[in-house]
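Printed here is protein33.txt (compact mmCIF, C-alpha atoms):
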```txt
# COMPACT_ATOMS: atom_id res chain seq x y z
CA MET J 267 0.00 0.00 0.00
CA SER J 268 1.34 3.44 -0.94
CA VAL J 269 2.01 6.18 1.58
CA LYS J 270 -0.75 8.31 0.06
CA LYS J 271 -3.36 5.58 0.36
CA PHE J 272 -2.38 4.81 3.92
CA HIS J 273 -2.41 8.52 4.77
CA SER J 274 -5.87 8.88 3.23
CA SER J 275 -7.27 5.93 5.19
CA ILE J 276 -6.26 7.65 8.43
CA PHE J 277 -7.83 11.05 7.92
CA ASN J 278 -11.02 10.20 6.06
CA ARG J 279 -12.85 9.78 9.38
CA GLY J 280 -11.72 13.03 10.91
CA LYS J 281 -10.73 12.83 14.58
CA ILE J 282 -12.21 9.38 15.12
CA LEU J 283 -9.42 6.89 14.55
CA ASN J 284 -10.14 3.25 14.04
CA ILE J 285 -7.06 1.55 15.43
CA PHE J 286 -8.09 -1.84 14.11
CA GLU J 287 -8.32 -0.51 10.57
CA LEU J 288 -4.95 1.19 10.94
CA ALA J 289 -3.46 -2.09 12.12
CA LYS J 290 -4.84 -3.91 9.07
CA ASN J 291 -3.34 -1.26 6.81
CA ASP J 292 -0.02 -1.57 8.60
CA PHE J 293 -0.13 -5.34 8.22
CA ARG J 294 -0.86 -5.13 4.52
CA SER J 295 1.86 -2.55 3.94
CA LYS J 296 4.52 -4.90 5.34
CA TYR J 297 4.04 -7.36 2.51
CA ALA J 298 2.85 -5.12 -0.30
CA GLY J 299 4.78 -5.64 -3.51
CA SER J 300 6.20 -9.08 -2.65
CA VAL J 301 5.24 -12.12 -4.72
CA LEU J 302 4.27 -14.31 -1.77
CA GLY J 303 2.74 -11.44 0.17
CA VAL J 304 1.45 -12.31 3.61
CA LEU J 305 2.86 -15.84 3.36
CA TRP J 306 6.22 -14.39 4.34
CA ALA J 307 4.76 -13.76 7.78
CA PHE J 308 4.41 -17.52 8.20
CA ILE J 309 7.42 -18.77 6.27
CA TYR J 310 10.09 -17.37 8.59
CA PRO J 311 8.51 -18.58 11.89
CA CYS J 312 7.80 -22.02 10.41
CA LEU J 313 11.37 -22.36 9.14
CA THR J 314 12.62 -21.26 12.56
CA VAL J 315 10.59 -23.99 14.26
CA VAL J 316 11.76 -26.65 11.80
CA LEU J 317 15.39 -25.61 12.19
CA TYR J 318 15.35 -25.68 15.99
CA TRP J 319 13.40 -28.94 16.02
CA PHE J 320 15.98 -30.55 13.74
CA VAL J 321 18.96 -29.27 15.73
CA PHE J 322 17.68 -30.09 19.21
CA GLN J 323 15.63 -33.23 18.67
CA VAL J 324 17.02 -34.90 15.57
CA ALA J 325 20.69 -33.94 15.94
CA LEU J 326 21.09 -33.52 19.72
CA LYS J 327 18.39 -36.03 20.73
CA SER J 328 16.83 -33.63 23.22
CA LYS J 329 13.95 -34.99 25.29
CA THR J 330 11.42 -33.57 27.70
CA ASP J 331 11.12 -34.77 31.28
CA ASP J 332 7.53 -36.00 30.93
CA ASN J 333 7.76 -37.47 27.40
CA VAL J 334 5.86 -34.62 25.77
CA PRO J 335 6.67 -34.58 22.02
CA TYR J 336 9.60 -32.21 21.73
CA VAL J 337 8.19 -30.29 18.77
CA LEU J 338 5.00 -29.54 20.73
CA TRP J 339 6.98 -28.66 23.86
CA LEU J 340 9.16 -26.31 21.79
CA VAL J 341 6.39 -24.62 19.81
CA SER J 342 4.23 -23.96 22.89
CA ALA J 343 6.94 -21.65 24.28
CA LEU J 344 8.35 -20.39 20.98
CA VAL J 345 5.03 -18.97 19.71
CA PRO J 346 4.76 -16.25 22.40
CA TYR J 347 8.46 -15.43 22.08
CA LEU J 348 8.14 -14.85 18.32
CA PHE J 349 5.22 -12.53 19.03
CA PHE J 350 7.34 -10.71 21.60
CA CYS J 351 10.15 -10.16 19.09
CA ASP J 352 7.81 -9.02 16.33
CA GLY J 353 5.66 -6.85 18.58
CA LEU J 354 8.55 -5.22 20.41
CA GLY J 355 10.44 -4.37 17.24
CA GLY J 356 7.31 -2.96 15.63
CA CYS J 357 6.28 -0.88 18.64
CA ALA J 358 9.77 0.52 19.20
CA SER J 359 10.07 1.76 15.61
CA ALA J 360 6.46 2.90 15.28
CA LEU J 361 7.18 6.63 15.51
CA THR J 362 10.27 6.62 13.31
CA ASP J 363 8.71 4.38 10.67
CA TYR J 364 5.70 6.67 10.41
CA SER J 365 7.60 9.91 10.76
CA TYR J 366 5.42 11.60 8.13
CA LEU J 367 2.41 11.02 10.41
CA VAL J 368 4.19 12.21 13.54
CA LYS J 369 4.77 15.55 11.84
CA LYS J 370 1.06 15.95 11.15
CA VAL J 371 -0.43 18.23 13.80
CA ARG J 372 -3.87 16.58 13.63
CA PHE J 373 -2.60 13.03 14.05
CA ASP J 374 -2.62 11.37 17.49
CA VAL J 375 0.84 9.72 17.59
CA SER J 376 -0.03 7.82 20.76
CA VAL J 377 -1.98 5.25 18.71
CA LEU J 378 1.00 4.15 16.62
CA PRO J 379 2.62 1.67 19.07
CA ALA J 380 -0.80 0.10 19.71
CA VAL J 381 -1.42 -0.14 15.95
CA ARG J 382 1.89 -1.95 15.50
CA LEU J 383 1.09 -4.39 18.32
CA ILE J 384 -2.31 -5.27 16.88
CA SER J 385 -0.73 -5.69 13.46
CA ALA J 386 1.74 -8.21 14.93
CA PHE J 387 -1.08 -9.96 16.79
CA PHE J 388 -2.82 -10.98 13.55
CA ILE J 389 -0.06 -13.49 12.85
CA HIS J 390 0.20 -14.44 16.51
CA ALA J 391 -3.48 -15.42 16.61
CA VAL J 392 -3.01 -17.77 13.65
CA PHE J 393 -0.01 -19.43 15.31
CA ILE J 394 -1.96 -19.92 18.54
CA LEU J 395 -4.63 -21.71 16.53
CA LEU J 396 -1.97 -23.85 14.82
CA LEU J 397 -0.48 -24.59 18.25
CA PHE J 398 -3.77 -26.09 19.43
CA VAL J 399 -4.13 -28.04 16.19
CA THR J 400 -0.65 -29.48 16.77
CA ALA J 401 -1.58 -30.32 20.36
CA LEU J 402 -4.69 -32.14 19.17
CA ALA J 403 -2.63 -34.06 16.62
CA PHE J 404 -0.46 -35.37 19.46
CA GLY J 405 -3.45 -36.28 21.61
CA TYR J 406 -3.52 -33.25 23.91
CA PHE J 407 -7.20 -32.40 24.05
CA PRO J 408 -8.65 -29.13 25.40
CA LYS J 409 -8.96 -28.88 29.17
CA ILE J 410 -10.34 -26.29 31.57
CA GLY J 411 -6.85 -25.14 32.48
CA ASN J 412 -6.28 -23.99 28.88
CA VAL J 413 -8.25 -20.83 29.66
CA TRP J 414 -5.12 -19.57 31.41
CA LEU J 415 -3.77 -19.01 27.91
CA ILE J 416 -6.10 -16.01 27.62
CA TYR J 417 -4.49 -14.55 30.72
CA TYR J 418 -1.00 -14.98 29.28
CA ILE J 419 -2.01 -13.47 25.94
CA LEU J 420 -3.36 -10.39 27.73
CA SER J 421 -0.32 -10.27 30.03
CA GLU J 422 2.11 -10.34 27.13
CA SER J 423 0.14 -7.71 25.22
CA ILE J 424 0.07 -5.31 28.19
CA PHE J 425 3.77 -5.93 28.86
CA LEU J 426 4.57 -5.22 25.20
CA LEU J 427 2.51 -2.04 25.22
CA ALA J 428 4.27 -0.72 28.32
CA LEU J 429 7.69 -1.57 26.95
CA GLY J 430 6.77 -0.52 23.42
CA TYR J 431 5.59 2.97 24.36
CA LEU J 432 8.72 3.52 26.40
CA LEU J 433 11.08 2.35 23.65
CA SER J 434 9.19 4.08 20.84
CA ALA J 435 9.72 7.41 22.59
CA LEU J 436 13.39 6.73 23.28
CA THR J 437 14.04 5.49 19.73
CA VAL J 438 13.17 8.93 18.36
CA PHE J 439 16.20 10.36 20.18
CA PHE J 440 18.48 7.30 20.24
CA LYS J 441 18.36 5.49 16.89
CA ASP J 442 20.68 2.73 18.12
CA ILE J 443 17.87 1.32 20.28
CA LYS J 444 16.45 -0.59 17.31
CA ASN J 445 19.76 -2.40 16.83
CA ILE J 446 20.06 -3.03 20.56
CA ILE J 447 16.59 -4.60 20.59
CA SER J 448 17.56 -6.88 17.70
CA VAL J 449 20.67 -8.07 19.56
CA LEU J 450 18.86 -8.57 22.88
CA THR J 451 16.01 -10.55 21.33
CA GLN J 452 18.56 -12.87 19.70
CA ILE J 453 20.29 -13.36 23.05
CA GLY J 454 16.86 -13.87 24.58
CA TYR J 455 16.37 -17.03 22.53
CA TRP J 456 18.98 -18.67 24.77
CA LEU J 457 18.16 -16.96 28.07
CA THR J 458 14.50 -17.92 27.73
CA PRO J 459 13.57 -21.57 28.44
CA LEU J 460 12.46 -22.29 24.89
CA PHE J 461 14.83 -25.13 24.01
CA TRP J 462 15.75 -26.25 27.51
CA SER J 463 13.79 -26.93 30.66
CA SER J 464 14.11 -24.49 33.55
CA ASP J 465 13.65 -27.43 35.93
CA SER J 466 17.13 -28.63 34.99
CA LEU J 467 18.66 -25.59 36.73
CA THR J 468 19.33 -25.11 40.41
CA PRO J 469 16.59 -22.98 42.02
CA TRP J 470 18.67 -19.83 42.54
CA ILE J 471 19.99 -19.82 38.96
CA ARG J 472 16.49 -20.51 37.64
CA ASN J 473 15.01 -17.62 39.64
CA LEU J 474 17.84 -15.30 38.60
CA ILE J 475 17.27 -16.00 34.90
CA PHE J 476 13.54 -15.44 35.30
CA ILE J 477 14.12 -12.12 37.05
CA ILE J 478 16.55 -10.96 34.37
CA ASN J 479 14.24 -12.09 31.60
CA PRO J 480 10.53 -11.57 32.45
CA VAL J 481 9.58 -12.96 29.02
CA SER J 482 10.24 -16.35 30.60
CA TYR J 483 7.08 -15.81 32.64
CA ILE J 484 5.09 -15.66 29.41
CA SER J 485 6.83 -18.51 27.54
CA GLU J 486 6.71 -20.87 30.53
CA GLY J 487 3.11 -19.85 31.18
CA PHE J 488 2.08 -20.56 27.58
CA ARG J 489 3.70 -23.99 27.73
CA ASN J 490 2.15 -24.77 31.08
CA ALA J 491 -1.32 -23.63 30.01
CA VAL J 492 -1.33 -25.50 26.68
CA LEU J 493 0.22 -28.78 27.82
CA TYR J 494 -0.81 -29.08 31.46
CA GLY J 495 -3.48 -26.48 32.13
CA GLY J 496 -1.50 -25.29 35.15
CA THR J 497 -1.91 -22.06 37.09
CA PRO J 498 0.64 -19.19 37.26
CA VAL J 499 3.38 -19.16 39.91
CA VAL J 500 2.33 -16.65 42.58
CA TRP J 501 5.69 -15.03 43.38
CA TYR J 502 6.62 -14.72 39.73
CA THR J 503 3.21 -13.26 38.88
CA ILE J 504 3.67 -10.56 41.55
CA TYR J 505 7.14 -9.76 40.22
CA PHE J 506 5.97 -9.67 36.60
CA TRP J 507 3.07 -7.29 37.23
CA GLY J 508 5.21 -5.13 39.47
CA LEU J 509 7.62 -4.75 36.58
CA VAL J 510 4.77 -4.01 34.16
CA ILE J 511 3.47 -1.25 36.44
CA VAL J 512 6.93 0.32 36.69
CA LEU J 513 7.38 0.15 32.90
CA GLY J 514 3.89 1.50 32.28
CA CYS J 515 4.36 4.48 34.58
CA SER J 516 7.78 5.19 33.08
CA ALA J 517 6.38 4.93 29.55
CA LYS J 518 3.51 7.30 30.32
CA PHE J 519 5.84 9.87 31.86
CA ILE J 520 8.54 9.75 29.15
CA PHE J 521 6.13 9.53 26.22
CA GLY J 522 4.12 12.43 27.58
CA ARG J 523 7.16 14.60 28.28
CA CYS J 524 8.76 13.93 24.88
CA ARG J 525 5.63 13.95 22.73
CA SER J 526 5.88 17.61 21.77
CA SER J 527 9.48 17.09 20.60
CA PHE J 528 8.98 14.03 18.41
CA SER J 529 8.46 15.95 15.18
CA ASP J 530 11.62 18.00 15.78
CA TYR J 531 13.93 14.98 16.09
CA ILE J 532 12.51 12.65 13.46
```

Take the structure from the file and write it as C-alpha cells.
Amino acid sequence: MSVKKFHSSIFNRGKILNIFELAKNDFRSKYAGSVLGVLWAFIYPCLTVVLYWFVFQVALKSKTDDNVPYVLWLVSALVPYLFFCDGLGGCASALTDYSYLVKKVRFDVSVLPAVRLISAFFIHAVFILLLFVTALAFGYFPKIGNVWLIYYILSESIFLLALGYLLSALTVFFKDIKNIISVLTQIGYWLTPLFWSSDSLTPWIRNLIFIINPVSYISEGFRNAVLYGGTPVVWYTIYFWGLVIVLGCSAKFIFGRCRSSFSDYI
C-alpha cells in the first residue's frame, strides 16, 4: 500500500481513529509488492521452528522430562516469544517508521505503538490456533486449564505495550535502540527456556534467569497452560506485574514529556 493511500485511510474519518483498521493497513503494507505477500509472515517462523526442532531433537536427541513430544513442547513456548520479538520491534520503531504522520499536527501519535502491536497480533493469533491443532494431533485435548492461555495473551500484550511505548519514545532520540533490541532478542532465545527446561537448573539460577528475563514468565506460562493447564506461579506473577506497572508508569511519563518534541527529532 502506498504512503498516500495509507495517509488517506487515516484522515477520512476526521478525529475518530479506528485503530483496528490502521493495524490492518499496517499489516498489509509490510508485505505489499512481494510475490508471496502475507505468506512471508508464516514462512520465517515455520522455518525457525523446523530448524530448531531438527537441531535439538534430531541432531542432539533432546527430550522432555515428561515425554511430551519435543516439537510440541518447543512450539508452545516459541510462539509467544516470536510474538514478543515481532511486537517489540514494531512498537519501538512505530514513531520513526511513520515519521510523516508524527509531523502531522492533527494526528494522534499515541496510537502508533498500539497499531503496531495489533498488526503483529494478527499473525500471533493464527499461530496460537496452529499450536492447538498441533496439540490435538499429538493427543492433547482441550482442558479447563487452557483458559489460562487467555491470561498470558493479555499479560504479554500489556507488557509489550508498556515496553513498546517507552522504547518508541526513546528510539526517536536514540536510533541505536532498534539495533540493541535486535541483539537482545537474539540473546533472549537462549536466556528464555524455549529449548531447555528451567527445571534442569538449580533454584537460585532458575530464579535469577527469570528475574533478568521476564519474558520467561510468558513462555513458561504458555507452555504450562497449553500442555498441562497449570496455574501461574504466585511469586513470579507478583514480580511480573510489578515490573509491568513500573514500565507502564515510566512509559507514560517519558512519552508524555517527549511527545511535543517528536516531530523536531525525526

With distances taken over only C-alpha atoms, which of J:Tyr318, J:Tyr418, J:Tyr431, J:Phe439 is nearest to Glu486 in chain J?
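Distance minimum relative to Glu486 in chain J lands on J:Tyr418.
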
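The environment of range 517-531 of chain J within 6 Å, counting all atoms listed in the file and disregarding residues fewer than 6 places along the same chain, consists of Val368, Lys369, Tyr431, Leu432 and Ala435 of chain J.
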
Report the distance between CA of Ser463 in chain J and CA of Thr451 in chain J in Å, rounded to one decimal place.
19.0 Å

Can you tell me, as a list in words, what residues are no more than 8 Å from Glu422 in chain J when counting all atoms listed in the file, ignoring any on the same chain fewer than 3 positions away?
Phe350, Tyr418, Ile419, Phe425, Leu426 and Ile484 of chain J

Just the number, please: distance in Å from CA of Val449 in chain J to CA of Arg382 in chain J, one decimal.
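Going from CA of Val449 in chain J over to CA of Arg382 in chain J, I get 20.2 Å.
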
Quick check, in Å to one decimal: how far apart do CA of Lys409 in chain J and CA of Tyr494 in chain J lie?
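CA of Tyr494 in chain J lies 8.5 Å from CA of Lys409 in chain J.
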
Residue neighbourhood Leu427 in chain J, 9 Å, only C-alpha atoms, exclusion window fewer than 2 positions, as a ChimeraX atom specification
/J:353-354,357,379-380,383,422-425,429-432,514

Gly508 in chain J surroundings by all atoms listed in the file, 12 Å radius, close-in-sequence under 6 positions cut, as a ChimeraX atom specification:
/J:425,477,480,501-502,514-515

Of the candidates J:Ile384, J:Leu338, J:Ile478, J:Val316, which shows the shortest atom-to-atom distance to Ala401 in chain J, using all atoms listed in the file?
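Of J:Ile384, J:Leu338, J:Ile478, J:Val316, the one nearest Ala401 in chain J is J:Leu338, counting all atoms listed in the file.
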
Which residue gives the smallest distance to Gly487 in chain J among J:Val500, J:Cys312, J:Leu450, J:Leu305, with all atoms listed in the file counted?
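Between J:Val500, J:Cys312, J:Leu450, J:Leu305, the residue approaching Gly487 in chain J most closely is J:Val500.
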
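Proximity of J:Leu493, J:Ser516, J:Pro459, J:Pro311 to Asn333 in chain J, computed with all atoms listed in the file, is greatest for J:Leu493.
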
Can you list, as a VMD selection string, every protein, DNA or RNA residue that comes within 8 Å of Asn479 in chain J when you count only C-alpha atoms, leaving out same-chain residues fewer than 2 positions away?
chain J and resid 454 457 to 458 475 to 477 481 to 482

For a quick check of your reading of the model, name the residues lying within 8 Å of the coordinate (2.6, -15.3, 17.0), counting all atoms listed in the file, and write them as a list in words.
Val345, Pro346, Tyr347, Leu348, Phe349, Ala386, Phe387, Phe388, Ile389, His390, Ala391, Val392, Phe393 and Ile394 of chain J

Counting all atoms listed in the file, which of J:Val334, J:Leu340, J:Ala358, J:Ile309 gets nearest to Trp462 in chain J?
J:Leu340

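The shortest atom-to-atom distance to Leu395 in chain J, with all atoms listed in the file taken into account, belongs to J:Ser342 out of J:Thr437, J:Ser448, J:Ser342, J:Ser421.
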
Can you give me all heavy atoms for range 307-318 of chain J, written as a PDB file, in the coordinates of the input?
```pdb
ATOM      1  N   ALA J 307       4.960 -13.866   6.339  1.00  0.00           N
ATOM      2  CA  ALA J 307       4.760 -13.760   7.780  1.00  0.00           C
ATOM      3  C   ALA J 307       4.739 -15.126   8.452  1.00  0.00           C
ATOM      4  O   ALA J 307       5.005 -15.243   9.652  1.00  0.00           O
ATOM      5  CB  ALA J 307       3.442 -13.024   8.079  1.00  0.00           C
ATOM      6  N   PHE J 308       4.452 -16.171   7.659  1.00  0.00           N
ATOM      7  CA  PHE J 308       4.410 -17.520   8.200  1.00  0.00           C
ATOM      8  C   PHE J 308       5.654 -18.327   7.847  1.00  0.00           C
ATOM      9  O   PHE J 308       6.034 -19.238   8.590  1.00  0.00           O
ATOM     10  CB  PHE J 308       3.166 -18.257   7.674  1.00  0.00           C
ATOM     11  CG  PHE J 308       1.873 -17.621   8.067  1.00  0.00           C
ATOM     12  CD1 PHE J 308       1.239 -16.730   7.213  1.00  0.00           C
ATOM     13  CD2 PHE J 308       1.290 -17.882   9.290  1.00  0.00           C
ATOM     14  CE1 PHE J 308       0.055 -16.125   7.567  1.00  0.00           C
ATOM     15  CE2 PHE J 308       0.099 -17.289   9.663  1.00  0.00           C
ATOM     16  CZ  PHE J 308      -0.520 -16.400   8.788  1.00  0.00           C
ATOM     17  N   ILE J 309       6.270 -17.993   6.728  1.00  0.00           N
ATOM     18  CA  ILE J 309       7.420 -18.770   6.270  1.00  0.00           C
ATOM     19  C   ILE J 309       8.573 -18.719   7.260  1.00  0.00           C
ATOM     20  O   ILE J 309       9.135 -19.752   7.647  1.00  0.00           O
ATOM     21  CB  ILE J 309       7.884 -18.280   4.880  1.00  0.00           C
ATOM     22  CG1 ILE J 309       6.826 -18.624   3.826  1.00  0.00           C
ATOM     23  CG2 ILE J 309       9.223 -18.909   4.507  1.00  0.00           C
ATOM     24  CD1 ILE J 309       7.127 -18.051   2.453  1.00  0.00           C
ATOM     25  N   TYR J 310       8.943 -17.503   7.685  1.00  0.00           N
ATOM     26  CA  TYR J 310      10.090 -17.370   8.590  1.00  0.00           C
ATOM     27  C   TYR J 310       9.858 -18.085   9.927  1.00  0.00           C
ATOM     28  O   TYR J 310      10.723 -18.865  10.362  1.00  0.00           O
ATOM     29  CB  TYR J 310      10.420 -15.898   8.820  1.00  0.00           C
ATOM     30  CG  TYR J 310      11.506 -15.694   9.850  1.00  0.00           C
ATOM     31  CD1 TYR J 310      12.835 -15.977   9.548  1.00  0.00           C
ATOM     32  CD2 TYR J 310      11.197 -15.243  11.122  1.00  0.00           C
ATOM     33  CE1 TYR J 310      13.838 -15.805  10.493  1.00  0.00           C
ATOM     34  CE2 TYR J 310      12.182 -15.072  12.073  1.00  0.00           C
ATOM     35  CZ  TYR J 310      13.509 -15.349  11.753  1.00  0.00           C
ATOM     36  OH  TYR J 310      14.481 -15.186  12.708  1.00  0.00           O
ATOM     37  N   PRO J 311       8.716 -17.861  10.626  1.00  0.00           N
ATOM     38  CA  PRO J 311       8.510 -18.580  11.890  1.00  0.00           C
ATOM     39  C   PRO J 311       8.485 -20.093  11.717  1.00  0.00           C
ATOM     40  O   PRO J 311       9.020 -20.831  12.550  1.00  0.00           O
ATOM     41  CB  PRO J 311       7.152 -18.057  12.375  1.00  0.00           C
ATOM     42  CG  PRO J 311       7.011 -16.724  11.731  1.00  0.00           C
ATOM     43  CD  PRO J 311       7.650 -16.881  10.388  1.00  0.00           C
ATOM     44  N   CYS J 312       7.868 -20.570  10.630  1.00  0.00           N
ATOM     45  CA  CYS J 312       7.800 -22.020  10.410  1.00  0.00           C
ATOM     46  C   CYS J 312       9.188 -22.603  10.151  1.00  0.00           C
ATOM     47  O   CYS J 312       9.530 -23.683  10.671  1.00  0.00           O
ATOM     48  CB  CYS J 312       6.873 -22.336   9.237  1.00  0.00           C
ATOM     49  SG  CYS J 312       5.123 -22.059   9.587  1.00  0.00           S
ATOM     50  N   LEU J 313      10.006 -21.903   9.366  1.00  0.00           N
ATOM     51  CA  LEU J 313      11.370 -22.360   9.140  1.00  0.00           C
ATOM     52  C   LEU J 313      12.184 -22.343  10.417  1.00  0.00           C
ATOM     53  O   LEU J 313      13.029 -23.226  10.647  1.00  0.00           O
ATOM     54  CB  LEU J 313      12.041 -21.480   8.072  1.00  0.00           C
ATOM     55  CG  LEU J 313      11.558 -21.661   6.638  1.00  0.00           C
ATOM     56  CD1 LEU J 313      12.277 -20.686   5.710  1.00  0.00           C
ATOM     57  CD2 LEU J 313      11.794 -23.104   6.163  1.00  0.00           C
ATOM     58  N   THR J 314      11.928 -21.339  11.269  1.00  0.00           N
ATOM     59  CA  THR J 314      12.620 -21.260  12.560  1.00  0.00           C
ATOM     60  C   THR J 314      12.294 -22.472  13.420  1.00  0.00           C
ATOM     61  O   THR J 314      13.183 -23.086  14.022  1.00  0.00           O
ATOM     62  CB  THR J 314      12.215 -19.974  13.298  1.00  0.00           C
ATOM     63  OG1 THR J 314      12.572 -18.839  12.503  1.00  0.00           O
ATOM     64  CG2 THR J 314      12.917 -19.885  14.646  1.00  0.00           C
ATOM     65  N   VAL J 315      11.022 -22.832  13.475  1.00  0.00           N
ATOM     66  CA  VAL J 315      10.590 -23.990  14.260  1.00  0.00           C
ATOM     67  C   VAL J 315      11.229 -25.270  13.729  1.00  0.00           C
ATOM     68  O   VAL J 315      11.745 -26.087  14.490  1.00  0.00           O
ATOM     69  CB  VAL J 315       9.056 -24.106  14.262  1.00  0.00           C
ATOM     70  CG1 VAL J 315       8.630 -25.441  14.881  1.00  0.00           C
ATOM     71  CG2 VAL J 315       8.433 -22.949  15.021  1.00  0.00           C
ATOM     72  N   VAL J 316      11.186 -25.446  12.409  1.00  0.00           N
ATOM     73  CA  VAL J 316      11.760 -26.650  11.800  1.00  0.00           C
ATOM     74  C   VAL J 316      13.258 -26.748  12.066  1.00  0.00           C
ATOM     75  O   VAL J 316      13.781 -27.821  12.397  1.00  0.00           O
ATOM     76  CB  VAL J 316      11.489 -26.664  10.272  1.00  0.00           C
ATOM     77  CG1 VAL J 316      12.262 -27.799   9.598  1.00  0.00           C
ATOM     78  CG2 VAL J 316      10.001 -26.804  10.002  1.00  0.00           C
ATOM     79  N   LEU J 317      13.951 -25.616  11.959  1.00  0.00           N
ATOM     80  CA  LEU J 317      15.390 -25.610  12.190  1.00  0.00           C
ATOM     81  C   LEU J 317      15.721 -25.995  13.625  1.00  0.00           C
ATOM     82  O   LEU J 317      16.583 -26.869  13.863  1.00  0.00           O
ATOM     83  CB  LEU J 317      15.952 -24.212  11.889  1.00  0.00           C
ATOM     84  CG  LEU J 317      17.447 -24.001  12.198  1.00  0.00           C
ATOM     85  CD1 LEU J 317      18.304 -24.928  11.352  1.00  0.00           C
ATOM     86  CD2 LEU J 317      17.825 -22.543  11.973  1.00  0.00           C
ATOM     87  N   TYR J 318      15.064 -25.369  14.588  1.00  0.00           N
ATOM     88  CA  TYR J 318      15.350 -25.680  15.990  1.00  0.00           C
ATOM     89  C   TYR J 318      14.927 -27.096  16.340  1.00  0.00           C
ATOM     90  O   TYR J 318      15.584 -27.765  17.140  1.00  0.00           O
ATOM     91  CB  TYR J 318      14.647 -24.669  16.898  1.00  0.00           C
ATOM     92  CG  TYR J 318      15.299 -23.309  16.903  1.00  0.00           C
ATOM     93  CD1 TYR J 318      14.542 -22.151  16.762  1.00  0.00           C
ATOM     94  CD2 TYR J 318      16.679 -23.178  17.048  1.00  0.00           C
ATOM     95  CE1 TYR J 318      15.142 -20.899  16.754  1.00  0.00           C
ATOM     96  CE2 TYR J 318      17.276 -21.938  17.042  1.00  0.00           C
ATOM     97  CZ  TYR J 318      16.515 -20.806  16.893  1.00  0.00           C
ATOM     98  OH  TYR J 318      17.111 -19.575  16.893  1.00  0.00           O
TER      99      TYR J 318
END
```
